[in-house]
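Worksheet for the structure shown next.
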Amino acid sequence: MRVLLTGHQGYLGTVMAPVLTAAGHEVVGLDSGLFAECVLGPSPADPQGHRVDLRDVTAEHLAGMDAVIHLAALSNDPLGSLAPELTYDINHHASVRLARLARDAGVRRFLYASTCSVYGAAGGGDPADLVGEDAPLRPVTPYAESKVRVEDDLHALSDGDFSPVFMRNATAFGHSPRLRADIVLNNLVGHALLAGEVLVLSDGTPWRPLVHAADIARAFAAALMAPREAVHARAFNIGSETNNVTVAEIAEQVAEAVCGAKVVITGETGADPRSYRVDFSRFRAAIPGFNCEWTVRQGALELADAYRKHGLTREDFEQRFTRLAVLRAGRDAGAVDDTLRWRR
């Protein structure tokens, strides 16, 4: 297929593009470039692409595309809370507009990167509490709320020719050439290496489903080629039950991966309302033979090795690889305006 990959210069997109290319697809990227320089190690070889804000996409960007994989977004809860109105403008309205343009251009499959955060405060201490795709959605942040709204609107756009698919990713982890240090496992491994502590600011009790960036890429590649009847207008949790873990358990596995690091749970931010254990069986049923390959422990070891190999510094960890810090620095320097667009 000829695939438009939005957010191709992001944390997930940088991992996904070569997976799609290796599967034989022609990948065309689309990215604003806000995080293109957030590179740890050698610069990645990006596919050809458009440098354009998601809000400024035109019909020409969709011409000749067979499919769209839509990753581009303000991509975590702190960013969403920084400017909720921009979160809805970019994550919701621009995403739905992109889907309409895609449908009008004859794109047949639209894979949307949603999130398990849509389940919000779902609890889950007992195995019977696993949350499936038909569970009530209880988003507790602007980021998660924007994802719910897009799913609803894309479902309404689906028809006999246009198939949206809602990929509800668990919390991502693992090494990417364009690193993010502001997601839980990546963050804890960085603290362990740089400070000798696995620092947990919550009370450690919330449940988190985790999934490696490479497993997300493999799942999207599988969904791209799946029979229409298996995926049309359906939501899928992407991850593995093995990686349903509490934040405290994540911290312990990081301490095992980074020799000498000690777990420190301060509890200063209290109990996080985002807590859920997730059932991932629907995607395995729809895509026979698919299974996630990475465990939390393997990811912690991989990250520690990559951080050491590429000389991660505290300044980079706190500034260059933290999305909120990158945007604030861009605005302070006058390179990015208050709408998070590049100044011309």
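Residue numbering restarts at 1 in every chain; chains get A, B, ... in the order shown in the structure tokens, and ligands count up from 1 in that same order.
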How close does range 94-211 of chain A get to range 62-65 of chain A? List, as CSV, each residue of range 94-211 of chain A within 7 Å, its nearest atom pair and the distance in Å to one decimal, counting only C-alpha atoms.
residue,atom,partner,partner_atom,distance
A:Ala102,CA,A:Leu62,CA,5.9
A:Ala105,CA,A:Ala63,CA,6.0
A:Val107,CA,A:Met65,CA,5.9
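The neighbours of range 290-305 of chain A here are the residues that come within 8 Å of it, using only C-alpha atoms and leaving out any residue fewer than 5 positions away in the same chain; they are Phe173, Gly174, His175, Leu185, Asn186, Val189, Gly190, Leu193, Leu210, Val211, His212, Asp215, Ala219, Gly239, Ser240, Thr242, Asn243, Ile250, Gln253, Val254, Ala257, Val258, Phe283 and Arg284 of chain A.
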Please save N, CA and C atoms of the selected residues as a short mmCIF file (atom, residue, chain, number, x, y, z; two decimals), in the first residue's frame.
data_model
loop_
_atom_site.label_atom_id
_atom_site.label_comp_id
_atom_site.auth_asym_id
_atom_site.auth_seq_id
_atom_site.Cartn_x
_atom_site.Cartn_y
_atom_site.Cartn_z
N PHE A 173 6.48 2.02 25.83
CA PHE A 173 7.82 2.05 26.42
C PHE A 173 8.81 1.56 25.39
N GLY A 174 10.10 1.68 25.73
CA GLY A 174 11.13 1.13 24.88
C GLY A 174 11.92 2.18 24.14
N HIS A 175 13.05 1.74 23.61
CA HIS A 175 13.94 2.66 22.91
C HIS A 175 13.38 3.02 21.55
N LEU A 185 7.97 3.99 32.03
CA LEU A 185 9.14 3.12 32.10
C LEU A 185 10.40 3.85 31.64
N ASN A 186 10.30 4.57 30.54
CA ASN A 186 11.45 5.32 30.04
C ASN A 186 11.95 6.31 31.08
N VAL A 189 13.67 4.42 34.19
CA VAL A 189 15.00 3.92 33.87
C VAL A 189 16.01 5.07 33.83
N GLY A 190 15.60 6.21 33.28
CA GLY A 190 16.49 7.36 33.25
C GLY A 190 16.87 7.84 34.63
N LEU A 193 19.41 5.42 36.26
CA LEU A 193 20.78 5.54 35.78
C LEU A 193 21.44 6.85 36.20
N LEU A 210 1.25 -1.73 29.81
CA LEU A 210 2.38 -1.23 29.02
C LEU A 210 2.55 -2.03 27.73
N VAL A 211 3.13 -1.38 26.72
CA VAL A 211 3.41 -2.07 25.45
C VAL A 211 4.61 -1.40 24.80
N HIS A 212 5.51 -2.23 24.25
CA HIS A 212 6.71 -1.72 23.62
C HIS A 212 6.38 -1.04 22.29
N ASP A 215 6.20 -3.37 19.40
CA ASP A 215 4.98 -4.18 19.33
C ASP A 215 3.81 -3.34 18.80
N ALA A 219 1.68 -4.26 15.48
CA ALA A 219 0.22 -4.35 15.52
C ALA A 219 -0.42 -3.50 14.42
N GLY A 239 -1.66 -4.43 23.33
CA GLY A 239 -0.74 -4.71 24.42
C GLY A 239 -0.84 -6.17 24.81
N SER A 240 -0.38 -6.48 26.01
CA SER A 240 -0.36 -7.85 26.51
C SER A 240 -0.74 -7.87 27.98
N THR A 242 0.34 -9.74 30.18
CA THR A 242 1.56 -9.90 30.97
C THR A 242 2.09 -8.56 31.46
N ASN A 243 1.85 -7.53 30.68
CA ASN A 243 2.37 -6.21 31.01
C ASN A 243 1.33 -5.32 31.69
N ILE A 250 6.51 -1.83 38.28
CA ILE A 250 7.39 -1.30 37.23
C ILE A 250 8.70 -0.84 37.86
N GLN A 253 11.04 -3.67 38.75
CA GLN A 253 11.69 -4.27 37.59
C GLN A 253 12.80 -3.36 37.05
N VAL A 254 12.60 -2.05 37.15
CA VAL A 254 13.65 -1.12 36.75
C VAL A 254 14.86 -1.26 37.67
N ALA A 257 16.90 -4.07 36.69
CA ALA A 257 17.62 -3.87 35.43
C ALA A 257 18.80 -2.93 35.57
N VAL A 258 18.74 -2.02 36.54
CA VAL A 258 19.81 -1.04 36.75
C VAL A 258 20.46 -1.34 38.10
N PHE A 283 -7.81 -8.23 19.86
CA PHE A 283 -6.91 -8.05 18.72
C PHE A 283 -6.28 -9.39 18.33
N ARG A 284 -5.92 -10.20 19.32
CA ARG A 284 -5.34 -11.51 18.99
C ARG A 284 -6.36 -12.38 18.25
#
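Checking A:Leu54, A:Ser117, A:Pro136, A:Leu154 one by one against Ala99 in chain A, counting only C-alpha atoms, you find the shortest gap at A:Leu154.
Taking range 51-121 of chain A and asking which residues DSSP calls strand (DSSP E) on the backbone, you get A:Arg51, A:Ala67, A:Val68, A:Ile69, A:His70, A:Arg109, A:Phe110, A:Leu111, A:Tyr112, A:Ala113, A:Ser114, A:Thr115.
Residues in contact range of Ala233 in chain A, defined as at most 6 Å between only C-alpha atoms, with sequence neighbours fewer than 2 positions away removed, read His155, Ser163, Pro164 and Val165 of chain A.
You can rank A:Ser146, A:Ser176, A:Gln9, A:Ser32 by their closest distance to Leu86 in chain A using only C-alpha atoms, and at the top of that list sits A:Ser146.
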From CA of Glu268 in chain A to CA of Ala83 in chain A the spacing works out at 24.2 Å
Could you give me the residues within range 89-124 of chain A that DSSP places in helix (DSSP H, G or I), as a ChimeraX atom specification?
-> /A:89-104,116-119
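Distances to Val27 in chain A were evaluated for A:Val245, A:Leu40, A:Ala67, A:Val57 using only C-alpha atoms, and the minimum falls at A:Ala67.
Distances from A:Thr115, A:Thr266, A:Asn187, A:Thr58 to Asn237 in chain A were compared using only C-alpha atoms, and the smallest one belongs to A:Thr115.
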